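start-v2.pdb (PDB, C-alpha atoms)
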ATOM      1  CA  MET A   1      36.359 221.943 131.998  1.00  0.00           C
ATOM      2  CA  SER A   2      34.101 223.650 134.480  1.00  0.00           C
ATOM      3  CA  GLN A   3      33.384 222.257 137.936  1.00  0.00           C
ATOM      4  CA  LEU A   4      29.697 221.724 137.045  1.00  0.00           C
ATOM      5  CA  THR A   5      30.536 219.648 133.940  1.00  0.00           C
ATOM      6  CA  LEU A   6      32.994 217.525 135.912  1.00  0.00           C
ATOM      7  CA  LEU A   7      30.434 216.976 138.683  1.00  0.00           C
ATOM      8  CA  LEU A   8      27.758 215.925 136.149  1.00  0.00           C
ATOM      9  CA  LEU A   9      30.150 213.473 134.447  1.00  0.00           C
ATOM     10  CA  GLN A  10      31.083 211.951 137.790  1.00  0.00           C
ATOM     11  CA  GLY A  11      27.404 211.598 138.780  1.00  0.00           C
ATOM     12  CA  GLY A  12      26.523 210.028 135.403  1.00  0.00           C
ATOM     13  CA  PHE A  13      29.408 207.579 135.701  1.00  0.00           C
ATOM     14  CA  LEU A  14      28.287 206.639 139.224  1.00  0.00           C
ATOM     15  CA  VAL A  15      24.704 206.009 138.053  1.00  0.00           C
ATOM     16  CA  LEU A  16      25.968 203.913 135.119  1.00  0.00           C
ATOM     17  CA  LEU A  17      28.171 201.901 137.485  1.00  0.00           C
ATOM     18  CA  TRP A  18      25.188 201.155 139.777  1.00  0.00           C
ATOM     19  CA  PHE A  19      23.083 200.002 136.778  1.00  0.00           C
ATOM     20  CA  PHE A  20      25.893 197.597 135.903  1.00  0.00           C
ATOM     21  CA  VAL A  21      26.047 196.246 139.496  1.00  0.00           C
ATOM     22  CA  PHE A  22      22.255 195.724 139.614  1.00  0.00           C
ATOM     23  CA  GLY A  23      22.369 193.993 136.219  1.00  0.00           C
ATOM     24  CA  VAL A  24      25.006 191.542 137.446  1.00  0.00           C
ATOM     25  CA  VAL A  25      23.066 190.824 140.657  1.00  0.00           C
ATOM     26  CA  TYR A  26      19.834 190.259 138.690  1.00  0.00           C
ATOM     27  CA  SER A  27      21.600 187.905 136.280  1.00  0.00           C
ATOM     28  CA  LEU A  28      23.118 185.872 139.123  1.00  0.00           C
ATOM     29  CA  ARG A  29      19.751 185.709 140.909  1.00  0.00           C
ATOM     30  CA  ALA A  30      17.979 184.478 137.767  1.00  0.00           C
ATOM     31  CA  ASP A  31      20.667 181.850 137.197  1.00  0.00           C
ATOM     32  CA  LEU A  32      20.618 180.573 140.778  1.00  0.00           C
ATOM     33  CA  PHE A  33      16.889 180.653 141.491  1.00  0.00           C
ATOM     34  CA  GLY A  34      15.397 180.425 138.000  1.00  0.00           C
ATOM     35  CA  VAL A  35      12.755 182.584 136.427  1.00  0.00           C
ATOM     36  CA  LYS A  36       9.003 182.572 136.889  1.00  0.00           C
ATOM     37  CA  VAL A  37       7.390 179.788 134.871  1.00  0.00           C
ATOM     38  CA  ARG A  38       4.290 180.208 132.749  1.00  0.00           C
ATOM     39  CA  LYS A  39       1.377 178.052 133.888  1.00  0.00           C
ATOM     40  CA  LEU A  40      -0.563 175.815 131.518  1.00  0.00           C
ATOM     41  CA  PRO A  41      -4.221 176.756 131.153  1.00  0.00           C
ATOM     42  CA  GLU A  42      -6.765 174.587 132.923  1.00  0.00           C
ATOM     43  CA  PRO A  43      -7.840 171.657 130.724  1.00  0.00           C
ATOM     44  CA  ALA A  44     -11.272 171.725 129.198  1.00  0.00           C
ATOM     45  CA  ALA A  45     -13.614 168.853 129.967  1.00  0.00           C
ATOM     46  CA  PRO A  46     -12.654 165.928 127.717  1.00  0.00           C
ATOM     47  CA  PRO A  47     -15.168 165.126 124.994  1.00  0.00           C
ATOM     48  CA  ALA A  48     -17.424 162.140 125.598  1.00  0.00           C
ATOM     49  CA  PRO A  49     -16.175 159.035 123.798  1.00  0.00           C
ATOM     50  CA  ALA A  50     -18.181 157.860 120.816  1.00  0.00           C
ATOM     51  CA  GLY A  51     -20.853 155.373 121.779  1.00  0.00           C
ATOM     52  CA  ALA A  52     -20.974 156.416 125.432  1.00  0.00           C
ATOM     53  CA  ALA A  53     -24.355 156.835 127.036  1.00  0.00           C
ATOM     54  CA  PRO A  54     -25.457 160.447 127.547  1.00  0.00           C
ATOM     55  CA  VAL A  55     -25.666 161.706 131.105  1.00  0.00           C
ATOM     56  CA  ALA A  56     -29.234 161.444 132.331  1.00  0.00           C
ATOM     57  CA  SER A  57     -30.965 163.567 134.918  1.00  0.00           C
ATOM     58  CA  PRO A  58     -31.348 162.062 138.419  1.00  0.00           C
ATOM     59  CA  ASP A  59     -35.071 161.520 137.794  1.00  0.00           C
ATOM     60  CA  ALA A  60     -34.522 159.493 134.632  1.00  0.00           C
ATOM     61  CA  VAL A  61     -33.817 155.775 134.554  1.00  0.00           C
ATOM     62  CA  THR A  62     -30.123 155.139 133.890  1.00  0.00           C
ATOM     63  CA  THR A  63     -28.520 152.159 132.235  1.00  0.00           C
ATOM     64  CA  GLN A  64     -25.018 150.828 132.682  1.00  0.00           C
ATOM     65  CA  VAL A  65     -22.569 151.090 129.809  1.00  0.00           C
ATOM     66  CA  LYS A  66     -20.173 148.157 129.469  1.00  0.00           C
ATOM     67  CA  ARG A  67     -16.552 149.246 129.345  1.00  0.00           C
ATOM     68  CA  PRO A  68     -13.573 147.122 128.353  1.00  0.00           C
ATOM     69  CA  ALA A  69     -11.686 145.603 131.285  1.00  0.00           C
ATOM     70  CA  ALA A  70      -8.259 146.966 130.296  1.00  0.00           C
ATOM     71  CA  PRO A  71      -7.157 149.362 127.592  1.00  0.00           C
ATOM     72  CA  ALA A  72      -5.244 147.991 124.649  1.00  0.00           C
ATOM     73  CA  PRO A  73      -1.514 148.730 124.718  1.00  0.00           C
ATOM     74  CA  ALA A  74      -0.627 151.962 122.962  1.00  0.00           C
ATOM     75  CA  PRO A  75       1.331 151.590 119.738  1.00  0.00           C
ATOM     76  CA  ALA A  76       4.687 153.351 119.494  1.00  0.00           C
ATOM     77  CA  GLY A  77       4.274 156.973 118.509  1.00  0.00           C
ATOM     78  CA  SER A  78       0.731 157.300 119.881  1.00  0.00           C
ATOM     79  CA  LEU A  79      -0.067 160.179 122.209  1.00  0.00           C
ATOM     80  CA  ALA A  80       0.800 159.579 125.857  1.00  0.00           C
ATOM     81  CA  THR A  81      -2.395 159.308 127.912  1.00  0.00           C
ATOM     82  CA  THR A  82      -2.693 158.588 131.624  1.00  0.00           C
ATOM     83  CA  SER A  83      -3.802 155.019 131.007  1.00  0.00           C
ATOM     84  CA  ALA A  84      -1.000 154.376 128.519  1.00  0.00           C
ATOM     85  CA  VAL A  85       2.038 155.744 130.401  1.00  0.00           C
ATOM     86  CA  SER A  86       3.359 154.239 133.602  1.00  0.00           C
ATOM     87  CA  ARG A  87       7.103 154.995 133.596  1.00  0.00           C
ATOM     88  CA  ILE A  88      10.004 157.055 132.274  1.00  0.00           C
ATOM     89  CA  VAL A  89      13.007 155.181 130.886  1.00  0.00           C
ATOM     90  CA  ILE A  90      16.356 156.947 130.418  1.00  0.00           C
ATOM     91  CA  THR A  91      17.838 155.577 127.184  1.00  0.00           C
ATOM     92  CA  SER A  92      21.123 157.498 126.993  1.00  0.00           C
ATOM     93  CA  GLY A  93      23.191 159.797 129.168  1.00  0.00           C
ATOM     94  CA  PRO A  94      24.750 159.582 132.615  1.00  0.00           C
ATOM     95  CA  LYS A  95      21.804 157.633 134.097  1.00  0.00           C
ATOM     96  CA  ALA A  96      21.104 155.335 131.120  1.00  0.00           C
ATOM     97  CA  GLY A  97      18.891 152.364 132.034  1.00  0.00           C
ATOM     98  CA  LEU A  98      17.171 154.099 134.957  1.00  0.00           C
ATOM     99  CA  GLU A  99      13.390 153.641 135.100  1.00  0.00           C
ATOM    100  CA  LEU A 100      11.108 155.857 137.168  1.00  0.00           C
ATOM    101  CA  PRO A 101       7.402 155.314 137.852  1.00  0.00           C
ATOM    102  CA  LEU A 102       5.225 158.156 136.606  1.00  0.00           C
ATOM    103  CA  GLY A 103       2.257 159.250 138.703  1.00  0.00           C
ATOM    104  CA  THR A 104      -0.187 162.046 137.985  1.00  0.00           C
ATOM    105  CA  GLU A 105       1.829 164.881 139.541  1.00  0.00           C
ATOM    106  CA  PRO A 106       3.926 167.244 137.373  1.00  0.00           C
ATOM    107  CA  LEU A 107       7.555 166.150 137.050  1.00  0.00           C
ATOM    108  CA  THR A 108      10.276 168.808 136.870  1.00  0.00           C
ATOM    109  CA  ILE A 109      13.505 167.810 135.132  1.00  0.00           C
ATOM    110  CA  GLY A 110      16.751 169.640 135.791  1.00  0.00           C
ATOM    111  CA  ARG A 111      20.025 169.970 137.626  1.00  0.00           C
ATOM    112  CA  SER A 112      18.467 171.337 140.841  1.00  0.00           C
ATOM    113  CA  SER A 113      18.045 169.023 143.813  1.00  0.00           C
ATOM    114  CA  GLU A 114      14.401 170.223 143.949  1.00  0.00           C
ATOM    115  CA  SER A 115      13.661 168.545 140.589  1.00  0.00           C
ATOM    116  CA  GLY A 116      11.776 165.258 140.431  1.00  0.00           C
ATOM    117  CA  LEU A 117      14.295 163.901 137.899  1.00  0.00           C
ATOM    118  CA  VAL A 118      17.760 165.271 138.691  1.00  0.00           C
ATOM    119  CA  ILE A 119      20.176 165.278 135.737  1.00  0.00           C
ATOM    120  CA  ARG A 120      23.628 166.552 136.606  1.00  0.00           C
ATOM    121  CA  ASP A 121      25.430 167.538 133.410  1.00  0.00           C
ATOM    122  CA  ASP A 122      26.821 170.775 132.000  1.00  0.00           C
ATOM    123  CA  TYR A 123      24.081 171.095 129.351  1.00  0.00           C
ATOM    124  CA  THR A 124      21.077 170.922 131.708  1.00  0.00           C
ATOM    125  CA  SER A 125      19.589 174.011 133.378  1.00  0.00           C
ATOM    126  CA  SER A 126      18.637 173.941 137.046  1.00  0.00           C
ATOM    127  CA  HIS A 127      14.933 173.857 136.084  1.00  0.00           C
ATOM    128  CA  HIS A 128      15.101 172.634 132.479  1.00  0.00           C
ATOM    129  CA  ALA A 129      11.745 171.085 131.533  1.00  0.00           C
ATOM    130  CA  ARG A 130       8.496 169.815 133.005  1.00  0.00           C
ATOM    131  CA  LEU A 131       6.143 166.932 132.244  1.00  0.00           C
ATOM    132  CA  VAL A 132       2.561 167.858 133.122  1.00  0.00           C
ATOM    133  CA  LEU A 133      -0.625 165.835 132.996  1.00  0.00           C
ATOM    134  CA  TRP A 134      -3.113 168.107 131.215  1.00  0.00           C
ATOM    135  CA  GLY A 135      -6.527 166.506 131.015  1.00  0.00           C
ATOM    136  CA  ASP A 136      -5.624 162.962 129.996  1.00  0.00           C
ATOM    137  CA  GLN A 137      -2.564 163.899 127.891  1.00  0.00           C
ATOM    138  CA  TRP A 138       1.051 164.242 129.023  1.00  0.00           C
ATOM    139  CA  MET A 139       2.523 167.592 127.961  1.00  0.00           C
ATOM    140  CA  LEU A 140       6.208 168.552 127.760  1.00  0.00           C
ATOM    141  CA  GLN A 141       7.112 172.151 128.589  1.00  0.00           C
ATOM    142  CA  ASP A 142      10.543 173.738 128.277  1.00  0.00           C
ATOM    143  CA  LEU A 143      11.210 176.062 131.226  1.00  0.00           C
ATOM    144  CA  ASP A 144      13.206 178.625 129.228  1.00  0.00           C
ATOM    145  CA  SER A 145      16.329 176.488 129.451  1.00  0.00           C
ATOM    146  CA  THR A 146      19.598 177.646 127.919  1.00  0.00           C
ATOM    147  CA  ASN A 147      20.166 174.642 125.636  1.00  0.00           C
ATOM    148  CA  GLY A 148      16.516 173.790 124.962  1.00  0.00           C
ATOM    149  CA  THR A 149      14.490 170.583 125.066  1.00  0.00           C
ATOM    150  CA  THR A 150      13.672 168.365 122.073  1.00  0.00           C
ATOM    151  CA  HIS A 151      10.773 165.945 121.607  1.00  0.00           C
ATOM    152  CA  ASP A 152      11.015 163.475 118.740  1.00  0.00           C
ATOM    153  CA  GLY A 153      13.848 165.544 117.214  1.00  0.00           C
ATOM    154  CA  VAL A 154      11.927 168.858 117.295  1.00  0.00           C
ATOM    155  CA  ARG A 155      12.833 171.685 119.667  1.00  0.00           C
ATOM    156  CA  VAL A 156      10.058 172.454 122.161  1.00  0.00           C
ATOM    157  CA  ALA A 157       9.034 176.121 122.122  1.00  0.00           C
ATOM    158  CA  ALA A 158       5.529 175.779 123.575  1.00  0.00           C
ATOM    159  CA  PRO A 159       3.983 172.895 125.538  1.00  0.00           C
ATOM    160  CA  VAL A 160       3.594 169.845 123.250  1.00  0.00           C
ATOM    161  CA  GLN A 161       1.791 166.534 123.638  1.00  0.00           C
ATOM    162  CA  VAL A 162       4.180 163.677 124.347  1.00  0.00           C
ATOM    163  CA  LYS A 163       4.138 160.562 122.178  1.00  0.00           C
ATOM    164  CA  VAL A 164       4.759 157.170 123.782  1.00  0.00           C
ATOM    165  CA  GLY A 165       8.243 155.945 122.839  1.00  0.00           C
ATOM    166  CA  ALA A 166       9.326 159.257 121.250  1.00  0.00           C
ATOM    167  CA  PRO A 167      12.757 160.398 122.474  1.00  0.00           C
ATOM    168  CA  ILE A 168      12.858 163.462 124.729  1.00  0.00           C
ATOM    169  CA  LYS A 169      16.289 165.077 125.027  1.00  0.00           C
ATOM    170  CA  VAL A 170      17.261 167.261 127.982  1.00  0.00           C
ATOM    171  CA  GLY A 171      20.921 168.276 127.984  1.00  0.00           C
ATOM    172  CA  ALA A 172      22.985 165.143 127.279  1.00  0.00           C
ATOM    173  CA  THR A 173      20.236 162.796 128.504  1.00  0.00           C
ATOM    174  CA  THR A 174      17.572 161.129 126.368  1.00  0.00           C
ATOM    175  CA  PHE A 175      14.501 159.441 127.834  1.00  0.00           C
ATOM    176  CA  GLU A 176      11.120 158.099 126.754  1.00  0.00           C
ATOM    177  CA  LEU A 177       7.668 157.621 128.239  1.00  0.00           C
ATOM    178  CA  ARG A 178       6.626 153.972 128.115  1.00  0.00           C
ATOM    179  CA  THR A 179       3.635 151.837 129.026  1.00  0.00           C
TER
END
Starting from the coordinates I provided, produce the structure as structure tokens.
Amino acid sequence: MSQLTLLLLQGGFLVLLWFFVFGVVYSLRADLFGVKVRKLPEPAAPPAPAGAAPVASPDAVTTQVKRPAAPAPAPAGSLATTSAVSRIVITSGPKAGLELPLGTEPLTIGRSSESGLVIRDDYTSSHHARLVLWGDQWMLQDLDSTNGTTHDGVRVAAPVQVKVGAPIKVGATTFELRT
């Protein structure tokens, strides 16, 4: 073998070795700090409820529309709206029986101490899933977790609307949104 061929093989092997090192560092970084999360689009203005008075101009005479004092309780399996959901109840897993109040801020679920709901088990990613209030509906988003997130027995691939009382499974923990 000539000296030039040997030098080229050594240089190629060195470059290949550095690509391997950078690949390992990138993989460790992604595992420790997570990956960039896709944002949900801004919600469109909710449609006006049937029977509501149209918005009048400031010059026009306005009338008051009577609204019910309190909304009726949501039946099981109905979509989770802001007025219907007030808490998260863990039904199975390491923290079974725990109830958390649910505000209007997004709630991140995962193994990381930065998460709003910390679940420490081997099947939960550091940033596993997120509950987001989008308009007046609660949406469940999987954050590219390793083991996935299920809602009502179906794996979540894109953000889905959450149903009240439907089981949400993250790792070995199952929880529900309740009124």
Counting all atoms listed in the file, which of A:Ile109, A:Ile90, A:Ala166, A:Leu98 gets nearest to Asp152 in chain A?
A:Ala166
Out of A:Leu100, A:Leu107, A:Met1, A:Val170, which residue has the shortest atom-to-atom distance to Ile119 in chain A when counting all atoms listed in the file?
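For Ile119 in chain A, the nearest of the candidates is A:Val170.
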Top pick for closest residue to Gly103 in chain A, considering A:Thr91, A:Gln10, A:Ser86, A:Ser27 and counting only C-alpha atoms
A:Ser86
I need every residue sitting at most 12 Å from the point (-1.1, 163.8, 140.0) (coordinates as in the file, all atoms listed in the file considered), written as JSON, numbers by chain.
{"A": [82, 102, 103, 104, 105, 106, 107, 131, 132, 133, 134, 135, 136, 138]}
Could those selected residues go to a file with C-alpha atoms, as a CSV table (one decimal), in the coordinates of the input?
chain,number,residue,atom,x,y,z
A,82,THR,CA,-2.7,158.6,131.6
A,102,LEU,CA,5.2,158.2,136.6
A,103,GLY,CA,2.3,159.2,138.7
A,104,THR,CA,-0.2,162.0,138.0
A,105,GLU,CA,1.8,164.9,139.5
A,106,PRO,CA,3.9,167.2,137.4
A,107,LEU,CA,7.6,166.2,137.0
A,131,LEU,CA,6.1,166.9,132.2
A,132,VAL,CA,2.6,167.9,133.1
A,133,LEU,CA,-0.6,165.8,133.0
A,134,TRP,CA,-3.1,168.1,131.2
A,135,GLY,CA,-6.5,166.5,131.0
A,136,ASP,CA,-5.6,163.0,130.0
A,138,TRP,CA,1.1,164.2,129.0
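For the residues A:Ser113, A:Thr146, A:Ser92, A:Ser2, ranking by smallest atom-to-atom distance to Ile168 in chain A using all atoms listed in the file places A:Ser92 first.
With all atoms listed in the file as the atoms that count, the residue of A:Phe33, A:Phe19, A:Phe13, A:Tyr26 with the shortest distance to Glu114 in chain A is A:Phe33.
Comparing the minimum interatomic distances between Asp31 in chain A and each of A:Thr174, A:Thr5, A:Ser126, A:Asn147, counting all atoms listed in the file, we find that A:Ser126 sits nearest.
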When you look at Ala158 in chain A with a cut-off of 12 Å (counting all atoms listed in the file), what residues show up, excluding the ones that are within fewer than 4 positions of it in the same chain? I need them as a ChimeraX atom specification.
/A:38-40,129-130,139-144,148-151,154
